[in-house]
>>> print(open('my_file34.txt').read())   # compact mmCIF, N, CA and C atoms
# COMPACT_ATOMS: atom_id res chain seq x y z
N MET Z 1 15.19 214.63 -168.00
CA MET Z 1 14.61 215.14 -166.80
C MET Z 1 15.69 215.83 -165.97
N PRO Z 2 15.47 217.04 -165.51
CA PRO Z 2 16.47 217.73 -164.71
C PRO Z 2 16.72 217.03 -163.37
N GLN Z 3 17.96 216.64 -163.18
CA GLN Z 3 18.35 215.98 -161.93
C GLN Z 3 18.57 217.04 -160.86
N ILE Z 4 18.06 216.78 -159.65
CA ILE Z 4 18.29 217.68 -158.53
C ILE Z 4 19.48 217.17 -157.72
N PHE Z 5 19.42 215.90 -157.32
CA PHE Z 5 20.55 215.26 -156.65
C PHE Z 5 20.33 213.76 -156.63
N LYS Z 6 21.36 213.02 -156.24
CA LYS Z 6 21.29 211.58 -156.05
C LYS Z 6 21.65 211.28 -154.61
N VAL Z 7 21.00 210.27 -154.06
CA VAL Z 7 21.31 209.83 -152.70
C VAL Z 7 21.04 208.33 -152.59
N SER Z 8 22.01 207.61 -152.11
CA SER Z 8 21.88 206.16 -151.88
C SER Z 8 21.35 205.42 -153.10
N GLY Z 9 21.78 205.81 -154.29
CA GLY Z 9 21.35 205.15 -155.51
C GLY Z 9 20.01 205.62 -156.06
N TYR Z 10 19.35 206.55 -155.37
CA TYR Z 10 18.07 207.08 -155.83
C TYR Z 10 18.27 208.44 -156.50
N LEU Z 11 17.55 208.65 -157.56
CA LEU Z 11 17.60 209.89 -158.31
C LEU Z 11 16.42 210.77 -157.90
N VAL Z 12 16.71 212.00 -157.51
CA VAL Z 12 15.68 213.00 -157.20
C VAL Z 12 15.68 213.96 -158.38
N PHE Z 13 14.51 214.12 -159.03
CA PHE Z 13 14.47 214.85 -160.29
C PHE Z 13 13.14 215.56 -160.49
N LEU Z 14 13.10 216.42 -161.49
CA LEU Z 14 11.87 217.09 -161.91
C LEU Z 14 11.35 216.38 -163.15
N TRP Z 15 10.06 216.12 -163.18
CA TRP Z 15 9.42 215.58 -164.38
C TRP Z 15 9.05 216.77 -165.25
N THR Z 16 9.47 216.77 -166.50
CA THR Z 16 9.33 217.96 -167.33
C THR Z 16 7.97 218.09 -168.01
N GLN Z 17 7.19 217.04 -168.04
CA GLN Z 17 5.91 217.09 -168.73
C GLN Z 17 4.78 217.22 -167.72
N GLU Z 18 4.73 218.35 -167.03
CA GLU Z 18 3.79 218.56 -165.93
C GLU Z 18 2.43 219.09 -166.37
N GLY Z 19 2.26 219.43 -167.63
CA GLY Z 19 0.95 219.86 -168.10
C GLY Z 19 0.66 221.32 -167.85
N ASP Z 20 -0.56 221.70 -168.22
CA ASP Z 20 -0.99 223.09 -168.10
C ASP Z 20 -2.42 223.07 -167.55
N PRO Z 21 -2.70 223.66 -166.41
CA PRO Z 21 -1.79 224.53 -165.65
C PRO Z 21 -0.73 223.70 -164.91
N LEU Z 22 0.37 224.36 -164.65
CA LEU Z 22 1.50 223.74 -163.97
C LEU Z 22 1.11 223.37 -162.54
N GLU Z 23 1.44 222.16 -162.13
CA GLU Z 23 1.17 221.73 -160.76
C GLU Z 23 2.05 222.50 -159.77
N PRO Z 24 1.67 222.51 -158.49
CA PRO Z 24 2.54 223.12 -157.48
C PRO Z 24 3.89 222.40 -157.42
N ILE Z 25 4.87 223.07 -156.82
CA ILE Z 25 6.23 222.54 -156.78
C ILE Z 25 6.28 221.16 -156.12
N HIS Z 26 6.97 220.25 -156.78
CA HIS Z 26 7.16 218.90 -156.29
C HIS Z 26 8.35 218.28 -157.02
N PHE Z 27 8.75 217.12 -156.56
CA PHE Z 27 9.84 216.40 -157.22
C PHE Z 27 9.50 214.92 -157.22
N HIS Z 28 10.26 214.18 -158.00
CA HIS Z 28 10.05 212.74 -158.13
C HIS Z 28 11.31 212.01 -157.70
N ILE Z 29 11.13 210.76 -157.28
CA ILE Z 29 12.25 209.93 -156.83
C ILE Z 29 12.12 208.57 -157.50
N THR Z 30 13.25 208.04 -157.97
CA THR Z 30 13.27 206.70 -158.54
C THR Z 30 14.63 206.06 -158.34
N ASP Z 31 14.67 204.75 -158.39
CA ASP Z 31 15.95 204.05 -158.37
C ASP Z 31 16.25 203.48 -159.75
N GLY Z 32 15.44 203.84 -160.71
CA GLY Z 32 15.63 203.37 -162.08
C GLY Z 32 15.55 204.53 -163.05
N VAL Z 33 14.96 204.26 -164.19
CA VAL Z 33 14.79 205.27 -165.22
C VAL Z 33 13.64 206.20 -164.82
N PRO Z 34 13.82 207.52 -164.92
CA PRO Z 34 12.74 208.45 -164.58
C PRO Z 34 11.49 208.17 -165.43
N SER Z 35 10.34 208.19 -164.75
CA SER Z 35 9.07 207.99 -165.45
C SER Z 35 7.98 208.76 -164.71
N ALA Z 36 6.84 208.87 -165.35
CA ALA Z 36 5.70 209.57 -164.75
C ALA Z 36 5.18 208.83 -163.51
N ASN Z 37 5.51 207.57 -163.38
CA ASN Z 37 5.05 206.77 -162.24
C ASN Z 37 6.06 206.69 -161.12
N SER Z 38 7.05 207.56 -161.11
CA SER Z 38 8.01 207.60 -160.02
C SER Z 38 7.36 208.20 -158.78
N THR Z 39 7.91 207.91 -157.63
CA THR Z 39 7.41 208.47 -156.37
C THR Z 39 7.36 209.98 -156.48
N LYS Z 40 6.28 210.58 -155.95
CA LYS Z 40 6.06 212.02 -156.07
C LYS Z 40 5.93 212.64 -154.68
N VAL Z 41 6.67 213.76 -154.47
CA VAL Z 41 6.68 214.44 -153.18
C VAL Z 41 6.44 215.93 -153.40
N TRP Z 42 5.44 216.48 -152.68
CA TRP Z 42 5.17 217.91 -152.73
C TRP Z 42 6.14 218.63 -151.80
N LEU Z 43 6.52 219.85 -152.16
CA LEU Z 43 7.35 220.70 -151.31
C LEU Z 43 6.48 221.86 -150.84
N THR Z 44 6.42 222.08 -149.53
CA THR Z 44 5.59 223.16 -148.99
C THR Z 44 6.38 224.47 -148.97
N SER Z 45 5.66 225.57 -148.75
CA SER Z 45 6.31 226.88 -148.72
C SER Z 45 7.30 227.01 -147.57
N SER Z 46 7.16 226.18 -146.53
CA SER Z 46 8.09 226.21 -145.41
C SER Z 46 9.26 225.24 -145.61
N GLY Z 47 9.29 224.55 -146.76
CA GLY Z 47 10.39 223.65 -147.07
C GLY Z 47 10.20 222.22 -146.62
N HIS Z 48 9.01 221.88 -146.15
CA HIS Z 48 8.74 220.51 -145.73
C HIS Z 48 8.24 219.67 -146.90
N CYS Z 49 8.38 218.36 -146.75
CA CYS Z 49 7.95 217.43 -147.79
C CYS Z 49 6.67 216.73 -147.38
N LEU Z 50 5.78 216.56 -148.35
CA LEU Z 50 4.55 215.80 -148.18
C LEU Z 50 4.50 214.74 -149.27
N LEU Z 51 4.39 213.49 -148.87
CA LEU Z 51 4.35 212.40 -149.84
C LEU Z 51 3.02 212.41 -150.58
N CYS Z 52 3.08 212.49 -151.88
CA CYS Z 52 1.88 212.41 -152.72
C CYS Z 52 1.57 210.94 -153.00
N HIS Z 53 2.56 210.19 -153.47
CA HIS Z 53 2.42 208.75 -153.67
C HIS Z 53 3.81 208.11 -153.78
N ASN Z 54 3.86 206.83 -153.51
CA ASN Z 54 5.12 206.08 -153.57
C ASN Z 54 5.00 204.96 -154.60
N LYS Z 55 4.76 205.34 -155.83
CA LYS Z 55 4.61 204.35 -156.90
C LYS Z 55 5.92 203.62 -157.22
N SER Z 56 7.05 204.18 -156.82
CA SER Z 56 8.34 203.50 -157.02
C SER Z 56 8.58 202.43 -155.95
N ARG Z 57 7.70 202.41 -154.94
CA ARG Z 57 7.79 201.44 -153.85
C ARG Z 57 9.13 201.49 -153.13
N ILE Z 58 9.56 202.70 -152.84
CA ILE Z 58 10.80 202.89 -152.09
C ILE Z 58 10.53 202.48 -150.64
N PRO Z 59 11.41 201.67 -150.06
CA PRO Z 59 11.21 201.28 -148.66
C PRO Z 59 11.05 202.51 -147.76
N GLU Z 60 10.14 202.41 -146.78
CA GLU Z 60 9.77 203.54 -145.95
C GLU Z 60 10.97 204.23 -145.30
N GLU Z 61 11.89 203.49 -144.75
CA GLU Z 61 13.06 204.08 -144.08
C GLU Z 61 13.91 204.89 -145.07
N LYS Z 62 14.14 204.34 -146.25
CA LYS Z 62 14.92 205.04 -147.26
C LYS Z 62 14.18 206.29 -147.75
N LEU Z 63 12.88 206.16 -147.93
CA LEU Z 63 12.09 207.30 -148.39
C LEU Z 63 12.12 208.43 -147.37
N ARG Z 64 11.99 208.10 -146.09
CA ARG Z 64 12.07 209.12 -145.04
C ARG Z 64 13.41 209.83 -145.08
N ARG Z 65 14.49 209.07 -145.27
CA ARG Z 65 15.83 209.66 -145.33
C ARG Z 65 15.97 210.60 -146.53
N ILE Z 66 15.50 210.18 -147.68
CA ILE Z 66 15.57 211.02 -148.88
C ILE Z 66 14.75 212.30 -148.67
N MET Z 67 13.57 212.16 -148.07
CA MET Z 67 12.73 213.34 -147.84
C MET Z 67 13.38 214.30 -146.83
N MET Z 68 14.09 213.76 -145.83
CA MET Z 68 14.80 214.63 -144.88
C MET Z 68 15.91 215.40 -145.59
N ILE Z 69 16.62 214.74 -146.48
CA ILE Z 69 17.67 215.41 -147.26
C ILE Z 69 17.05 216.46 -148.16
N ALA Z 70 15.91 216.14 -148.78
CA ALA Z 70 15.22 217.10 -149.65
C ALA Z 70 14.78 218.33 -148.85
N GLU Z 71 14.31 218.13 -147.63
CA GLU Z 71 13.93 219.27 -146.79
C GLU Z 71 15.14 220.15 -146.50
N ALA Z 72 16.28 219.53 -146.23
CA ALA Z 72 17.50 220.29 -145.96
C ALA Z 72 17.97 221.04 -147.20
N ARG Z 73 17.60 220.53 -148.37
CA ARG Z 73 18.03 221.14 -149.64
C ARG Z 73 16.87 221.78 -150.39
N HIS Z 74 15.82 222.18 -149.67
CA HIS Z 74 14.63 222.70 -150.33
C HIS Z 74 14.91 223.93 -151.18
N LYS Z 75 15.87 224.74 -150.79
CA LYS Z 75 16.21 225.93 -151.60
C LYS Z 75 16.75 225.51 -152.97
N THR Z 76 17.56 224.47 -153.00
CA THR Z 76 18.08 223.95 -154.27
C THR Z 76 16.94 223.46 -155.16
N ILE Z 77 15.98 222.77 -154.56
CA ILE Z 77 14.83 222.27 -155.32
C ILE Z 77 14.04 223.45 -155.89
N GLU Z 78 13.80 224.47 -155.06
CA GLU Z 78 13.08 225.66 -155.52
C GLU Z 78 13.82 226.36 -156.66
N GLU Z 79 15.14 226.46 -156.54
CA GLU Z 79 15.94 227.10 -157.60
C GLU Z 79 15.85 226.32 -158.90
N LYS Z 80 15.97 224.99 -158.83
CA LYS Z 80 15.88 224.17 -160.04
C LYS Z 80 14.49 224.28 -160.67
N TRP Z 81 13.45 224.26 -159.83
CA TRP Z 81 12.07 224.37 -160.33
C TRP Z 81 11.89 225.71 -161.04
N SER Z 82 12.30 226.77 -160.37
CA SER Z 82 12.15 228.12 -160.92
C SER Z 82 12.92 228.27 -162.23
N ALA Z 83 14.14 227.74 -162.29
CA ALA Z 83 14.96 227.83 -163.50
C ALA Z 83 14.30 227.08 -164.66
N TYR Z 84 13.65 225.96 -164.36
CA TYR Z 84 13.07 225.16 -165.43
C TYR Z 84 11.66 225.63 -165.81
N PHE Z 85 10.80 225.85 -164.80
CA PHE Z 85 9.39 226.16 -165.07
C PHE Z 85 9.07 227.65 -165.02
N GLY Z 86 9.93 228.45 -164.38
CA GLY Z 86 9.74 229.89 -164.39
C GLY Z 86 8.95 230.48 -163.24
N ASN Z 87 8.10 229.71 -162.59
CA ASN Z 87 7.39 230.24 -161.44
C ASN Z 87 7.11 229.12 -160.46
N ILE Z 88 6.81 229.50 -159.22
CA ILE Z 88 6.58 228.50 -158.17
C ILE Z 88 5.25 228.79 -157.49
N SER Z 89 4.46 227.76 -157.34
CA SER Z 89 3.30 227.79 -156.45
C SER Z 89 3.45 226.59 -155.52
N TYR Z 90 2.81 226.65 -154.38
CA TYR Z 90 2.96 225.60 -153.38
C TYR Z 90 1.64 224.89 -153.13
N TYR Z 91 1.72 223.61 -152.82
CA TYR Z 91 0.56 222.80 -152.50
C TYR Z 91 -0.07 223.31 -151.21
N VAL Z 92 0.77 223.62 -150.23
CA VAL Z 92 0.34 224.21 -148.95
C VAL Z 92 1.35 225.23 -148.51
>>> encode(input="my_file34.txt", output="structure tokens")
Amino acid sequence: MPQIFKVSGYLVFLWTQEGDPLEPIHFHITDGVPSANSTKVWLTSSGHCLLCHNKSRIPEEKLRRIMMIAEARHKTIEEKWSAYFGNISYYV
């Protein structure tokens, strides 16, 4: 799985088996091995994060911090997504 960055022991990554049609741009977060059940966060066209689900059960305060960092680095996330999947669509 393509790693985007790590923060406080959590891995922020792209899940490579997204299916067809490709879902809008998003990333996953885990403190363990990447899996389809990792926490999922949508990225909006304005660079904001929307929590889809927290299946990794990341504590709320830590999750908010990771999402704030992701918002600050949204261009990096978009670049990684585009490099891997080839195109970007947004949830909102």
>>> residues_around(input="my_file34.txt", residues="Tyr91 of chain Z", least_positions_apart="2", cutoff="6.5 Å", atoms="all atoms listed in the file", output="list in words")
Pro24, Ile25, Leu43, Thr44, Ser45 and Ser89 of chain Z
>>> write_last_selection(input="my_file34.txt", atoms="N, CA and C atoms", output="PDB file, in the coordinates of the input")
ATOM      1  N   PRO Z  24       1.670 222.510-158.490  1.00  0.00           N
ATOM      2  CA  PRO Z  24       2.540 223.120-157.480  1.00  0.00           C
ATOM      3  C   PRO Z  24       3.890 222.400-157.420  1.00  0.00           C
ATOM      4  N   ILE Z  25       4.870 223.070-156.820  1.00  0.00           N
ATOM      5  CA  ILE Z  25       6.230 222.540-156.780  1.00  0.00           C
ATOM      6  C   ILE Z  25       6.280 221.160-156.120  1.00  0.00           C
ATOM      7  N   LEU Z  43       6.520 219.850-152.160  1.00  0.00           N
ATOM      8  CA  LEU Z  43       7.350 220.700-151.310  1.00  0.00           C
ATOM      9  C   LEU Z  43       6.480 221.860-150.840  1.00  0.00           C
ATOM     10  N   THR Z  44       6.420 222.080-149.530  1.00  0.00           N
ATOM     11  CA  THR Z  44       5.590 223.160-148.990  1.00  0.00           C
ATOM     12  C   THR Z  44       6.380 224.470-148.970  1.00  0.00           C
ATOM     13  N   SER Z  45       5.660 225.570-148.750  1.00  0.00           N
ATOM     14  CA  SER Z  45       6.310 226.880-148.720  1.00  0.00           C
ATOM     15  C   SER Z  45       7.300 227.010-147.570  1.00  0.00           C
ATOM     16  N   SER Z  89       4.460 227.760-157.340  1.00  0.00           N
ATOM     17  CA  SER Z  89       3.300 227.790-156.450  1.00  0.00           C
ATOM     18  C   SER Z  89       3.450 226.590-155.520  1.00  0.00           C
TER      19      SER Z  89
END
>>> closest_residue(input="my_file34.txt", among="Z:Pro59, Z:Pro34, Z:Gly19, Z:Gly47", to="Pro2 of chain Z", atoms="only C-alpha atoms")
Z:Pro34
>>> closest_residue(input="my_file34.txt", among="Z:Ala83, Z:Val41, Z:Ile77, Z:Ile66", to="Asn54 of chain Z", atoms="only N, CA and C atoms")
Z:Val41
>>> closest_residue(input="my_file34.txt", among="Z:Phe85, Z:Ser8, Z:Met67, Z:Ser38", to="His53 of chain Z", atoms="only N, CA and C atoms")
Z:Ser38
>>> residues_around(input="my_file34.txt", residues="Phe27 of chain Z", least_positions_apart="2", cutoff="6.5 Å", atoms="all atoms listed in the file", output="mmCIF file with N, CA and C atoms, keeping the file's coordinate frame")
data_model
loop_
_atom_site.group_PDB
_atom_site.id
_atom_site.type_symbol
_atom_site.label_atom_id
_atom_site.label_comp_id
_atom_site.auth_asym_id
_atom_site.auth_seq_id
_atom_site.Cartn_x
_atom_site.Cartn_y
_atom_site.Cartn_z
ATOM 1 N N VAL Z 12 16.710 212.000 -157.510
ATOM 2 C CA VAL Z 12 15.680 213.000 -157.200
ATOM 3 C C VAL Z 12 15.680 213.960 -158.380
ATOM 4 N N PHE Z 13 14.510 214.120 -159.030
ATOM 5 C CA PHE Z 13 14.470 214.850 -160.290
ATOM 6 C C PHE Z 13 13.140 215.560 -160.490
ATOM 7 N N LEU Z 14 13.100 216.420 -161.490
ATOM 8 C CA LEU Z 14 11.870 217.090 -161.910
ATOM 9 C C LEU Z 14 11.350 216.380 -163.150
ATOM 10 N N TRP Z 15 10.060 216.120 -163.180
ATOM 11 C CA TRP Z 15 9.420 215.580 -164.380
ATOM 12 C C TRP Z 15 9.050 216.770 -165.250
ATOM 13 N N ILE Z 25 4.870 223.070 -156.820
ATOM 14 C CA ILE Z 25 6.230 222.540 -156.780
ATOM 15 C C ILE Z 25 6.280 221.160 -156.120
ATOM 16 N N ILE Z 29 11.130 210.760 -157.280
ATOM 17 C CA ILE Z 29 12.250 209.930 -156.830
ATOM 18 C C ILE Z 29 12.120 208.570 -157.500
ATOM 19 N N THR Z 39 7.910 207.910 -157.630
ATOM 20 C CA THR Z 39 7.410 208.470 -156.370
ATOM 21 C C THR Z 39 7.360 209.980 -156.480
ATOM 22 N N LYS Z 40 6.280 210.580 -155.950
ATOM 23 C CA LYS Z 40 6.060 212.020 -156.070
ATOM 24 C C LYS Z 40 5.930 212.640 -154.680
ATOM 25 N N VAL Z 41 6.670 213.760 -154.470
ATOM 26 C CA VAL Z 41 6.680 214.440 -153.180
ATOM 27 C C VAL Z 41 6.440 215.930 -153.400
ATOM 28 N N TRP Z 42 5.440 216.480 -152.680
ATOM 29 C CA TRP Z 42 5.170 217.910 -152.730
ATOM 30 C C TRP Z 42 6.140 218.630 -151.800
ATOM 31 N N LEU Z 43 6.520 219.850 -152.160
ATOM 32 C CA LEU Z 43 7.350 220.700 -151.310
ATOM 33 C C LEU Z 43 6.480 221.860 -150.840
#
>>> closest_residue(input="my_file34.txt", among="Z:Glu18, Z:Glu23, Z:Asp31, Z:Glu78", to="Ile58 of chain Z", atoms="only N, CA and C atoms")
Z:Asp31
>>> closest_residue(input="my_file34.txt", among="Z:Glu79, Z:Glu61, Z:Glu71, Z:Asp20", to="His48 of chain Z", atoms="all atoms listed in the file")
Z:Glu71
>>> select_by_dssp(input="my_file34.txt", residues="chain Z", states="strand (DSSP E or B)", output="JSON, numbers by chain")
{"Z": [3, 4, 5, 6, 7, 10, 11, 12, 13, 26, 27, 28, 29, 30, 39, 40, 41, 42, 43, 49, 50, 51, 52, 53]}
>>> atom_distance(input="my_file34.txt", atom1="atom CA of Cys49 of chain Z", atom2="atom N of Met68 of chain Z")
7.4 Å
>>> atom_distance(input="my_file34.txt", atom1="atom CA of Leu22 of chain Z", atom2="atom N of Asn87 of chain Z")
9.0 Å
>>> closest_residue(input="my_file34.txt", among="Z:Arg65, Z:Ile4, Z:Ser46, Z:Ser35", to="Val92 of chain Z", atoms="only N, CA and C atoms")
Z:Ser46
>>> atom_distance(input="my_file34.txt", atom1="atom CA of Ser56 of chain Z", atom2="atom N of Gly86 of chain Z")
26.1 Å
>>> select_by_dssp(input="my_file34.txt", residues="chain Z", states="alpha helix (DSSP H)", output="list in words")
Glu60, Glu61, Lys62, Leu63, Arg64, Arg65, Ile66, Met67, Met68, Ile69, Ala70, Glu71, Ala72, His74, Lys75, Thr76, Ile77, Glu78, Glu79, Lys80, Trp81, Ser82, Ala83, Tyr84 and Phe85 of chain Z
